[in-house]
file entry-v6.cif (mmCIF, C-alpha atoms)
data_entry
loop_
_atom_site.label_atom_id
_atom_site.label_comp_id
_atom_site.auth_asym_id
_atom_site.auth_seq_id
_atom_site.Cartn_x
_atom_site.Cartn_y
_atom_site.Cartn_z
CA MET A 157 16.32 -23.16 -14.49
CA LEU A 158 13.12 -23.98 -12.60
CA PRO A 159 13.06 -26.73 -9.93
CA GLU A 160 12.24 -30.15 -11.38
CA ALA A 161 9.70 -30.94 -8.65
CA PHE A 162 7.91 -27.69 -9.42
CA LEU A 163 7.73 -28.46 -13.16
CA VAL A 164 6.41 -31.96 -12.56
CA ARG A 165 3.67 -30.64 -10.31
CA MET A 166 2.74 -27.85 -12.74
CA GLN A 167 2.42 -30.35 -15.60
CA THR A 168 -0.01 -32.37 -13.50
CA GLN A 169 -1.82 -29.23 -12.38
CA LEU A 170 -2.21 -27.67 -15.84
CA GLY A 171 -2.51 -30.67 -18.16
CA ASP A 172 -3.00 -29.49 -21.75
CA GLU A 173 -2.18 -25.89 -20.76
CA TYR A 174 1.29 -26.74 -19.48
CA GLU A 175 3.13 -25.89 -22.70
CA ALA A 176 1.35 -22.53 -22.99
CA PHE A 177 2.35 -21.82 -19.39
CA LEU A 178 6.02 -22.56 -20.12
CA LYS A 179 5.98 -20.36 -23.23
CA SER A 180 4.50 -17.47 -21.24
CA LEU A 181 7.53 -17.57 -18.95
CA GLU A 182 9.80 -16.93 -21.95
CA ARG A 183 8.13 -13.69 -23.06
CA PRO A 184 9.27 -10.29 -21.72
CA ARG A 185 7.60 -9.35 -18.45
CA ALA A 186 4.67 -6.95 -18.62
CA VAL A 187 5.51 -4.12 -16.22
CA ALA A 188 2.90 -1.84 -14.68
CA LEU A 189 2.36 1.13 -12.42
CA ARG A 190 -0.60 2.50 -10.54
CA PHE A 191 -1.40 6.20 -10.40
CA ASN A 192 -2.19 7.69 -7.00
CA PRO A 193 -5.55 9.51 -6.86
CA LEU A 194 -4.54 11.06 -3.52
CA LYS A 195 -2.14 13.30 -5.47
CA GLY A 196 -4.82 14.74 -7.73
CA THR A 197 -5.26 14.63 -11.49
CA GLN A 198 -3.46 11.87 -13.37
CA PRO A 199 -0.63 13.23 -15.57
CA GLN A 200 -0.11 12.37 -19.21
CA LEU A 201 3.21 10.52 -19.47
CA PRO A 202 4.78 9.31 -22.74
CA PHE A 203 5.90 5.96 -21.32
CA VAL A 204 2.43 4.94 -20.06
CA GLU A 205 0.58 2.49 -22.30
CA GLU A 206 -2.70 0.54 -22.06
CA ARG A 207 -4.71 0.28 -18.87
CA VAL A 208 -4.66 -2.75 -16.57
CA PRO A 209 -8.22 -4.08 -17.04
CA TRP A 210 -8.98 -4.82 -13.38
CA GLU A 211 -7.57 -1.60 -11.84
CA TRP A 212 -8.86 1.80 -12.91
CA TRP A 213 -5.61 3.55 -11.94
CA GLY A 214 -3.31 0.78 -13.22
CA TYR A 215 -1.36 1.02 -16.50
CA TYR A 216 1.31 -0.94 -18.29
CA TYR A 217 4.42 1.03 -19.21
CA ASP A 218 7.40 0.85 -21.52
CA PRO A 219 9.99 -1.25 -19.64
CA ASP A 220 12.85 0.83 -21.10
CA SER A 221 11.50 4.07 -19.60
CA ARG A 222 12.64 3.47 -15.97
CA PRO A 223 9.80 5.43 -14.31
CA GLY A 224 11.28 4.72 -10.87
CA LEU A 225 13.87 7.41 -11.64
CA HIS A 226 11.31 10.05 -12.62
CA VAL A 227 10.61 12.92 -10.23
CA TYR A 228 6.93 11.96 -10.17
CA HIS A 229 7.86 8.69 -8.50
CA GLU A 230 9.54 10.62 -5.68
CA ALA A 231 6.45 12.83 -5.43
CA GLY A 232 4.18 9.80 -4.93
CA VAL A 233 2.30 10.32 -8.19
CA TYR A 234 2.48 6.60 -8.94
CA TYR A 235 3.56 3.28 -7.46
CA LEU A 236 5.38 0.62 -9.48
CA GLN A 237 3.28 -2.52 -9.01
CA GLU A 238 3.01 -5.78 -10.88
CA ALA A 239 -0.34 -5.94 -12.70
CA SER A 240 -1.61 -9.22 -11.22
CA ALA A 241 -0.71 -7.95 -7.74
CA MET A 242 -3.39 -5.27 -8.22
CA ALA A 243 -6.11 -7.94 -8.43
CA PRO A 244 -6.65 -8.75 -4.71
CA VAL A 245 -7.52 -5.13 -3.83
CA ALA A 246 -9.88 -4.98 -6.81
CA LEU A 247 -11.61 -8.02 -5.28
CA LEU A 248 -11.52 -6.51 -1.79
CA ASP A 249 -13.32 -3.45 -3.22
CA PRO A 250 -12.59 -0.99 -0.36
CA GLN A 251 -14.91 1.99 0.01
CA PRO A 252 -14.41 5.49 1.45
CA GLY A 253 -15.32 5.73 5.12
CA GLU A 254 -14.84 2.04 5.94
CA ARG A 255 -12.56 0.37 8.48
CA ILE A 256 -10.04 -1.72 6.57
CA CYS A 257 -7.06 -3.86 7.62
CA ASP A 258 -4.16 -4.99 5.44
CA LEU A 259 -2.66 -7.63 7.70
CA CYS A 260 0.56 -8.46 5.79
CA ALA A 261 1.14 -5.10 4.18
CA ALA A 262 4.83 -4.58 3.32
CA PRO A 263 6.19 -3.16 1.13
CA GLY A 264 2.95 -1.24 0.63
CA GLY A 265 1.69 -1.80 -2.91
CA LYS A 266 -1.70 -3.19 -1.91
CA THR A 267 -1.99 -0.90 1.13
CA THR A 268 -1.50 2.25 -0.94
CA GLN A 269 -3.91 0.84 -3.54
CA ILE A 270 -6.49 0.43 -0.77
CA ALA A 271 -5.75 3.95 0.47
CA GLY A 272 -6.30 5.40 -2.99
CA ARG A 273 -9.73 3.79 -3.19
CA MET A 274 -10.62 5.05 0.29
CA GLY A 275 -9.84 8.62 -0.78
CA GLY A 276 -8.48 9.57 2.64
CA GLN A 277 -11.80 8.73 4.33
CA GLY A 278 -12.19 6.06 7.00
CA PHE A 279 -9.57 4.12 8.93
CA LEU A 280 -6.83 1.93 7.46
CA LEU A 281 -4.68 -0.35 9.61
CA CYS A 282 -1.65 -1.65 7.74
CA ASN A 283 0.54 -4.15 9.56
CA GLU A 284 3.83 -5.90 8.92
CA ILE A 285 5.36 -8.40 11.35
CA ASN A 286 8.94 -7.98 10.05
CA PRO A 287 10.48 -4.79 11.57
CA LYS A 288 12.69 -3.92 8.58
CA ARG A 289 9.86 -4.41 6.11
CA ALA A 290 7.53 -2.42 8.37
CA LYS A 291 9.86 0.57 8.02
CA ILE A 292 9.70 0.27 4.22
CA LEU A 293 5.91 0.12 4.49
CA ALA A 294 5.87 3.30 6.58
CA ARG A 295 8.06 5.11 4.04
CA ASN A 296 5.74 4.16 1.19
CA ILE A 297 2.71 5.29 3.18
CA GLU A 298 4.44 8.66 3.51
CA ARG A 299 5.51 8.88 -0.15
CA MET A 300 2.03 8.05 -1.39
CA ALA A 301 0.42 10.79 0.75
CA VAL A 302 -1.82 8.47 2.81
CA PRO A 303 -3.36 10.48 5.68
CA ASN A 304 -5.60 7.92 7.42
CA ALA A 305 -3.31 4.93 8.05
CA LEU A 306 -2.07 3.43 11.29
CA VAL A 307 1.15 1.51 10.55
CA THR A 308 1.94 -1.27 13.03
CA ASN A 309 4.63 -3.90 13.50
CA GLU A 310 2.69 -6.60 15.30
CA HIS A 311 1.93 -10.30 15.29
CA PRO A 312 -1.47 -10.89 13.64
CA GLU A 313 -2.79 -12.59 16.77
CA THR A 314 -2.03 -9.48 18.84
CA LEU A 315 -4.15 -7.42 16.48
CA ALA A 316 -6.91 -10.07 16.52
CA GLN A 317 -7.15 -9.80 20.29
CA ARG A 318 -7.17 -6.01 20.17
CA PHE A 319 -9.52 -5.43 17.20
CA GLU A 320 -11.86 -8.42 17.13
CA GLY A 321 -14.95 -7.80 14.99
CA PHE A 322 -13.82 -4.27 14.12
CA PHE A 323 -13.10 -4.19 10.38
CA ASP A 324 -15.40 -4.03 7.36
CA ARG A 325 -12.78 -5.60 5.10
CA VAL A 326 -9.54 -7.46 5.75
CA LEU A 327 -6.85 -8.34 3.23
CA VAL A 328 -4.42 -11.20 3.88
CA ASP A 329 -1.78 -11.08 1.16
CA ALA A 330 0.07 -13.93 2.80
CA PRO A 331 3.78 -14.72 2.73
CA CYS A 332 4.13 -17.62 0.32
CA SER A 333 6.53 -19.75 -1.70
CA GLY A 334 6.47 -17.13 -4.46
CA GLU A 335 6.11 -19.43 -7.46
CA GLY A 336 4.30 -16.72 -9.39
CA MET A 337 7.38 -14.50 -9.04
CA PHE A 338 9.92 -17.04 -10.35
CA ARG A 339 10.43 -15.06 -13.54
CA LYS A 340 10.77 -11.79 -11.64
CA GLU A 341 12.89 -12.82 -8.65
CA GLU A 342 15.72 -15.34 -8.89
CA ALA A 343 15.82 -15.60 -5.08
CA ALA A 344 12.32 -17.10 -5.14
CA VAL A 345 13.61 -19.95 -7.31
CA ALA A 346 16.65 -20.52 -5.11
CA ASP A 347 14.57 -20.62 -1.93
CA TRP A 348 11.86 -22.93 -3.25
CA SER A 349 11.38 -26.54 -2.15
CA PRO A 350 8.38 -28.80 -1.45
CA GLU A 351 9.19 -28.33 2.24
CA THR A 352 8.94 -24.55 1.81
CA VAL A 353 5.48 -24.95 0.31
CA GLN A 354 4.33 -26.98 3.31
CA MET A 355 5.86 -24.51 5.77
CA CYS A 356 4.13 -21.59 4.04
CA ALA A 357 0.78 -23.39 4.04
CA GLN A 358 1.01 -23.95 7.79
CA ARG A 359 1.91 -20.31 8.44
CA GLN A 360 -0.88 -19.08 6.15
CA GLY A 361 -3.40 -21.08 8.16
CA GLN A 362 -2.27 -19.38 11.35
CA ILE A 363 -2.51 -15.92 9.78
CA LEU A 364 -5.98 -16.64 8.41
CA HIS A 365 -7.14 -17.80 11.85
CA SER A 366 -6.16 -14.39 13.28
CA ALA A 367 -7.66 -12.54 10.32
CA ALA A 368 -11.02 -14.25 10.84
CA ARG A 369 -11.39 -12.57 14.22
CA LEU A 370 -10.74 -9.11 12.78
CA VAL A 371 -13.70 -9.18 10.37
CA ARG A 372 -17.10 -7.90 11.52
CA PRO A 373 -20.25 -9.88 10.67
CA GLY A 374 -21.16 -9.09 7.07
CA GLY A 375 -17.57 -8.08 6.36
CA ARG A 376 -15.30 -9.33 3.59
CA LEU A 377 -12.03 -11.25 3.86
CA VAL A 378 -9.78 -11.56 0.82
CA TYR A 379 -6.94 -14.07 0.94
CA SER A 380 -4.23 -13.87 -1.73
CA THR A 381 -0.84 -15.31 -2.63
CA CYS A 382 1.62 -15.04 -5.50
CA THR A 383 2.07 -18.78 -5.82
CA PHE A 384 0.58 -21.63 -7.86
CA ALA A 385 0.84 -24.27 -5.11
CA PRO A 386 -2.60 -25.77 -4.37
CA GLU A 387 -1.57 -26.41 -0.75
CA GLU A 388 -1.16 -22.67 -0.26
CA ASP A 389 -4.14 -21.64 -2.37
CA GLU A 390 -7.30 -23.75 -2.71
CA GLY A 391 -6.08 -26.06 0.07
CA ALA A 392 -5.54 -23.19 2.49
CA VAL A 393 -9.00 -21.76 1.74
CA ALA A 394 -10.73 -25.14 2.12
CA ALA A 395 -9.01 -25.76 5.45
CA PHE A 396 -9.99 -22.30 6.64
CA LEU A 397 -13.66 -22.73 5.69
CA ALA A 398 -13.77 -26.11 7.41
CA ALA A 399 -12.44 -24.56 10.62
CA HIS A 400 -14.43 -21.32 10.38
CA THR A 401 -18.03 -22.11 9.60
CA GLU A 402 -18.95 -18.47 10.18
CA PHE A 403 -17.43 -17.74 6.75
CA GLU A 404 -18.62 -18.70 3.29
CA PRO A 405 -17.41 -18.00 -0.26
CA GLU A 406 -18.71 -14.76 -1.72
CA THR A 407 -19.68 -14.33 -5.37
CA VAL A 408 -18.13 -11.29 -7.03
CA GLU A 409 -17.88 -10.15 -10.65
CA ALA A 410 -14.32 -10.67 -11.93
CA PRO A 411 -14.44 -11.56 -15.64
CA TRP A 412 -10.68 -11.09 -16.10
CA PHE A 413 -9.68 -14.03 -13.88
CA GLU A 414 -10.24 -17.78 -13.95
CA PRO A 415 -12.80 -18.72 -11.26
CA GLY A 416 -12.26 -21.72 -9.03
CA GLU A 417 -13.80 -23.32 -5.98
CA ASN A 418 -14.75 -21.56 -2.74
CA GLY A 419 -14.84 -18.03 -4.15
CA SER A 420 -11.31 -18.25 -5.55
CA PHE A 421 -9.67 -16.87 -8.67
CA ARG A 422 -6.47 -17.68 -10.51
CA MET A 423 -4.32 -15.23 -12.46
CA TRP A 424 -2.28 -17.31 -14.91
CA PRO A 425 0.63 -15.73 -16.84
CA HIS A 426 -0.43 -17.54 -20.03
CA LYS A 427 -3.93 -16.04 -19.82
CA LEU A 428 -3.30 -12.39 -18.99
CA LEU A 429 -0.57 -9.73 -18.99
CA GLY A 430 0.83 -10.34 -15.54
CA GLU A 431 2.52 -12.84 -13.26
CA GLY A 432 0.91 -15.65 -11.25
CA HIS A 433 -1.50 -14.76 -8.46
CA PHE A 434 -4.33 -16.35 -6.48
CA ALA A 435 -7.16 -14.78 -4.48
CA ALA A 436 -10.29 -15.92 -2.68
CA VAL A 437 -13.22 -13.75 -1.53
CA LEU A 438 -14.98 -14.80 1.68
CA ARG A 439 -17.81 -13.27 3.73
CA LYS A 440 -18.34 -13.53 7.47
CA ASN A 441 -21.97 -14.29 8.34
CA GLU A 442 -21.87 -14.68 12.10
CA GLY A 443 -20.12 -13.07 15.04
CA GLU A 444 -20.20 -9.86 16.99
CA THR A 445 -19.38 -6.35 15.80
CA ARG A 446 -17.20 -4.63 18.35
CA ASP A 447 -16.08 -1.09 18.85
CA VAL A 448 -12.63 -0.34 20.14
CA PRO A 449 -12.02 2.65 22.42
CA ALA A 450 -10.91 5.61 20.33
CA ALA A 451 -7.68 7.43 21.03
CA ALA A 452 -8.20 10.82 22.65
CA GLY A 453 -7.36 13.83 20.52
CA GLU A 454 -5.16 16.63 21.79
CA LYS A 455 -5.31 20.39 21.73
CA LEU A 456 -3.54 21.83 18.71
CA PRO A 457 -0.40 23.73 19.76
CA LYS A 458 -0.18 27.44 19.02
CA GLN A 459 2.97 26.94 16.92
CA TRP A 460 1.07 24.71 14.50
CA LEU A 461 -1.93 27.02 14.44
CA ALA A 462 0.32 29.94 13.49
CA PHE A 463 2.05 27.90 10.77
CA ARG A 464 -1.26 26.66 9.39
CA LYS A 465 -2.66 30.19 9.25
CA GLU A 466 0.48 31.56 7.59
CA LEU A 467 0.36 28.99 4.78
CA GLY A 468 -3.41 28.64 4.53
CA ILE A 469 -3.50 24.90 5.24
CA SER A 470 -6.83 23.09 5.75
CA LEU A 471 -7.00 19.62 7.28
CA PRO A 472 -9.80 17.04 6.93
CA GLU A 473 -11.82 15.82 9.89
CA GLY A 474 -9.54 14.20 12.43
CA LYS A 475 -7.66 14.70 15.65
CA ALA A 476 -4.20 15.71 16.78
CA ILE A 477 -1.94 13.00 18.26
CA SER A 478 1.52 13.47 19.73
CA PHE A 479 3.73 10.51 18.80
CA GLY A 480 7.46 10.35 19.40
CA SER A 481 8.81 13.80 18.75
CA GLY A 482 6.16 14.60 16.14
CA LEU A 483 2.65 15.95 15.88
CA PHE A 484 0.32 13.80 13.77
CA TRP A 485 -3.16 14.27 12.33
CA ALA A 486 -5.10 11.03 12.78
CA PRO A 487 -8.50 9.88 11.50
CA GLU A 488 -11.37 10.26 13.95
CA GLU A 489 -11.71 6.48 14.22
CA LEU A 490 -8.08 5.95 15.24
CA PRO A 491 -8.32 3.53 18.20
CA GLU A 492 -6.26 3.64 21.35
CA ILE A 493 -2.69 2.63 20.37
CA HIS A 494 -1.22 2.18 23.86
CA ARG A 495 1.04 -0.92 24.02
CA LEU A 496 1.01 -1.43 20.25
CA LYS A 497 4.18 -1.32 18.16
CA VAL A 498 3.30 1.71 16.06
CA LEU A 499 5.41 3.31 13.34
CA ARG A 500 2.97 6.07 12.35
CA PRO A 501 -0.54 6.88 13.63
CA GLY A 502 -1.68 9.04 10.73
CA LEU A 503 -0.40 12.04 8.79
CA GLU A 504 2.76 13.54 10.25
CA LEU A 505 2.39 17.31 10.49
CA GLY A 506 5.79 18.16 11.92
CA ILE A 507 7.69 18.97 15.09
CA VAL A 508 6.70 21.60 17.62
CA LYS A 509 9.70 23.65 18.74
CA LYS A 510 9.71 26.14 21.61
CA ASP A 511 9.04 29.14 19.39
CA ARG A 512 8.22 27.67 15.98
CA PHE A 513 6.85 24.76 13.97
CA GLU A 514 8.93 22.67 11.55
CA PRO A 515 6.74 20.93 8.96
CA ALA A 516 7.21 17.25 8.10
CA HIS A 517 8.02 15.92 4.65
CA ALA A 518 4.83 13.84 4.88
CA LEU A 519 2.74 17.00 5.16
CA ALA A 520 4.34 18.42 2.02
CA LEU A 521 3.58 15.27 0.04
CA TRP A 522 -0.03 15.22 1.26
CA LEU A 523 -0.74 18.85 0.39
CA LYS A 524 -2.02 19.56 -3.09
CA GLU A 525 -1.96 23.32 -2.61
CA CYS A 526 -1.32 25.98 0.02
CA GLY A 527 -0.86 29.72 0.22
CA ARG A 528 2.84 29.74 -0.62
CA VAL A 529 4.05 27.54 -3.47
CA GLN A 530 7.18 27.40 -5.61
CA ARG A 531 6.72 25.38 -8.79
CA PHE A 532 9.53 24.05 -10.95
CA GLY A 533 9.16 22.04 -14.13
CA PRO A 534 9.56 18.31 -13.41
CA ASP A 535 12.51 18.11 -15.82
CA SER A 536 13.98 21.52 -15.03
CA LEU A 537 17.49 22.24 -13.78
CA GLU A 538 15.95 23.81 -10.67
CA MET A 539 14.09 20.60 -9.81
CA LYS A 540 17.21 18.51 -10.35
CA ALA A 541 19.10 20.86 -8.04
CA TYR A 542 16.34 20.66 -5.44
CA LEU A 543 16.37 16.85 -5.44
CA HIS A 544 20.15 17.01 -5.08
CA GLY A 545 19.76 19.10 -1.92
CA ASP A 546 21.01 22.41 -3.34
CA VAL A 547 19.59 25.86 -2.74
CA VAL A 548 17.40 27.01 -5.62
CA PRO A 549 16.44 30.50 -6.84
CA SER A 550 13.09 31.85 -5.62
CA ASN A 551 11.51 35.12 -4.57
CA GLN A 552 9.48 33.39 -1.85
CA LYS A 553 9.94 34.30 1.80
CA GLY A 554 9.38 31.86 4.66
CA TRP A 555 8.24 28.24 4.46
CA CYS A 556 7.19 27.30 0.94
CA LEU A 557 5.70 24.17 -0.63
CA VAL A 558 7.90 23.01 -3.51
CA CYS A 559 6.12 21.35 -6.44
CA ALA A 560 7.33 19.40 -9.46
CA GLY A 561 4.85 20.75 -11.96
CA ASP A 562 1.43 20.16 -10.41
CA TYR A 563 2.63 17.80 -7.67
CA SER A 564 4.01 18.64 -4.24
CA ILE A 565 7.36 17.08 -3.40
CA GLY A 566 8.85 18.85 -0.37
CA TRP A 567 9.57 22.02 1.58
CA GLY A 568 11.85 24.98 1.11
CA LYS A 569 12.40 28.11 3.16
CA GLY A 570 12.98 31.33 1.25
CA ASP A 571 14.77 34.59 2.01
CA GLY A 572 13.48 36.42 -1.07
CA GLY A 573 16.38 35.32 -3.28
CA VAL A 574 16.85 31.60 -2.79
CA LEU A 575 15.11 28.67 -1.12
CA LYS A 576 17.00 26.85 1.60
CA ASN A 577 16.53 23.17 0.79
CA HIS A 578 14.50 21.04 3.21
CA TYR A 579 14.22 17.94 1.04
CA PRO A 580 15.11 15.00 3.36
CA LYS A 581 18.80 14.13 3.21
CA GLY A 582 18.07 10.42 2.98
CA LEU A 583 16.10 10.94 -0.24
CA ARG A 584 18.49 13.26 -2.04
CA ARG A 585 20.01 12.20 -5.33
#

call {"tool": "encode", "arguments": {"input": "entry-v6.cif", "output": "structure tokens"}}
result
Amino acid sequence: MLPEAFLVRMQTQLGDEYEAFLKSLERPRAVALRFNPLKGTQPQLPFVEERVPWEWWGYYYDPDSRPGLHVYHEAGVYYLQEASAMAPVALLDPQPGERICDLCAAPGGKTTQIAGRMGGQGFLLCNEINPKRAKILARNIERMAVPNALVTNEHPETLAQRFEGFFDRVLVDAPCSGEGMFRKEEAAVADWSPETVQMCAQRQGQILHSAARLVRPGGRLVYSTCTFAPEEDEGAVAAFLAAHTEFEPETVEAPWFEPGENGSFRMWPHKLLGEGHFAAVLRKNEGETRDVPAAAGEKLPKQWLAFRKELGISLPEGKAISFGSGLFWAPEELPEIHRLKVLRPGLELGIVKKDRFEPAHALALWLKECGRVQRFGPDSLEMKAYLHGDVVPSNQKGWCLVCAGDYSIGWGKGDGGVLKNHYPKGLRR
């Protein structure tokens, strides 16, 4: 039961297409996932179907297959993501080596999509203002083996003051009234009202104002929502362009979506296999490019050096950063993070003890290979036991990378007969 005020507005908005729109809401949802290139070669899976046209790594899947329960999901081989939600990053078009900011990043679908396109090169700042959602974002960054991301829990204006003119591309996937998700989330229907639409539009304007400062001259800003409300979509973009004359709409090739005014695109559920989404592509023409002081790297501790040598681990270019109780490997461009609310400053390597090094789960997920590996079939009894937290048979001795088929999933420590299980307790089945 959709809100009457919403239906009346949609009939006015769509005209002759209104009936087709209503019928599209009655069909089964098209569900999709996105493979993670950071994990290596894409596997052949029986439940994966045709490709999502606008995302090279995106595929529709059989809704009865429940891929969220598959071991490859735990290993970060893919991310379950609604197909239309993949469109804004396709329009952002991130490139390896760039500085990119995802300003409203939780739970992490678009951030990890950006990270996959960056290929571990460059600097990615992903931010979420809500503390609980920021923790979910950080967990997904870890699961999807992203090595070059700084995860923050800040107000957008704080970041605008700190990183003005710093980023090549900025994505604002703004909190919205969620009309495009009505079929997917009942809570979105219950929470909707015309007043909610107006409140969201006001908040989106504030976020966009902060985002404008983050973009360098010549850089790209993509604004997106999952709503149909013109106040939050075309209206928000028009108000932004009126207030920020340094920006203009940018022309991009996107034949899959319906083009609109001011560099915008609509994803309608009656015109493609996906839910409702909106995006606009804008370019900043004027301003000042600024550099931010880089964080100082640290000397690598001998415990890590011994561990790395023992397992034959190679790291990309970067620098060591101590954060909390852990040792992290950060991208070279990681800026100074003092006085920022940071959840993770890069790839967590592990914890330095007095006489040893304990590797982090994040390091295991990031590694594709090392000098000591124990592989189990993804559907084997041994892998099920490992995910349950049990010891598993193995002739390995010492720390060992455990893989589900071709994909790393965690650590074990062998005595020549069995592997002591080091899969995180909070993830065990």

call {"tool": "closest_residue", "arguments": {"input": "entry-v6.cif", "among": "A:Leu158, A:Ser564, A:Pro534, A:Lys553", "to": "Val345 in chain A", "atoms": "only C-alpha atoms"}}
result
A:Leu158

call {"tool": "residues_around", "arguments": {"input": "entry-v6.cif", "residues": "Phe338 in chain A", "least_positions_apart": "2", "cutoff": "10 Å", "atoms": "all atoms listed in the file", "output": "NGL selection string"}}
result
:A and (157-158 or 181 or 333-336 or 340-346 or 348 or 382-383 or 431-432)

call {"tool": "residues_around", "arguments": {"input": "entry-v6.cif", "residues": "Thr268 in chain A", "least_positions_apart": "4", "cutoff": "8 Å", "atoms": "all atoms listed in the file", "output": "number ranges by chain"}}
result
A: 264, 272, 296-297, 300, 302

call {"tool": "write_last_selection", "arguments": {"input": "entry-v6.cif", "atoms": "C-alpha atoms", "output": "CSV table (one decimal), in the coordinates of the input"}}
result
chain,number,residue,atom,x,y,z
A,264,GLY,CA,3.0,-1.2,0.6
A,272,GLY,CA,-6.3,5.4,-3.0
A,296,ASN,CA,5.7,4.2,1.2
A,297,ILE,CA,2.7,5.3,3.2
A,300,MET,CA,2.0,8.0,-1.4
A,302,VAL,CA,-1.8,8.5,2.8

call {"tool": "resolve_selection", "arguments": {"input": "entry-v6.cif", "expression": "the PyMOL selection byres ((chain A and resi 413-424) around 7)", "output": "compact mmCIF listing (two decimals) with C-alpha atoms, in the frame of the given file"}}
result
# COMPACT_ATOMS: atom_id res chain seq x y z
CA SER A 240 -1.61 -9.22 -11.22
CA PRO A 405 -17.41 -18.00 -0.26
CA GLU A 406 -18.71 -14.76 -1.72
CA THR A 407 -19.68 -14.33 -5.37
CA ALA A 410 -14.32 -10.67 -11.93
CA PRO A 411 -14.44 -11.56 -15.64
CA TRP A 412 -10.68 -11.09 -16.10
CA PRO A 425 0.63 -15.73 -16.84
CA HIS A 426 -0.43 -17.54 -20.03
CA LYS A 427 -3.93 -16.04 -19.82
CA LEU A 428 -3.30 -12.39 -18.99
CA GLU A 431 2.52 -12.84 -13.26
CA GLY A 432 0.91 -15.65 -11.25
CA HIS A 433 -1.50 -14.76 -8.46
CA PHE A 434 -4.33 -16.35 -6.48
CA ALA A 435 -7.16 -14.78 -4.48
CA ALA A 436 -10.29 -15.92 -2.68
CA VAL A 437 -13.22 -13.75 -1.53
CA LEU A 438 -14.98 -14.80 1.68

call {"tool": "residues_around", "arguments": {"input": "entry-v6.cif", "residues": "Glu473 in chain A", "least_positions_apart": "6", "cutoff": "10 Å", "atoms": "only C-alpha atoms", "output": "ChimeraX atom specification"}}
result
/A:277,485-488
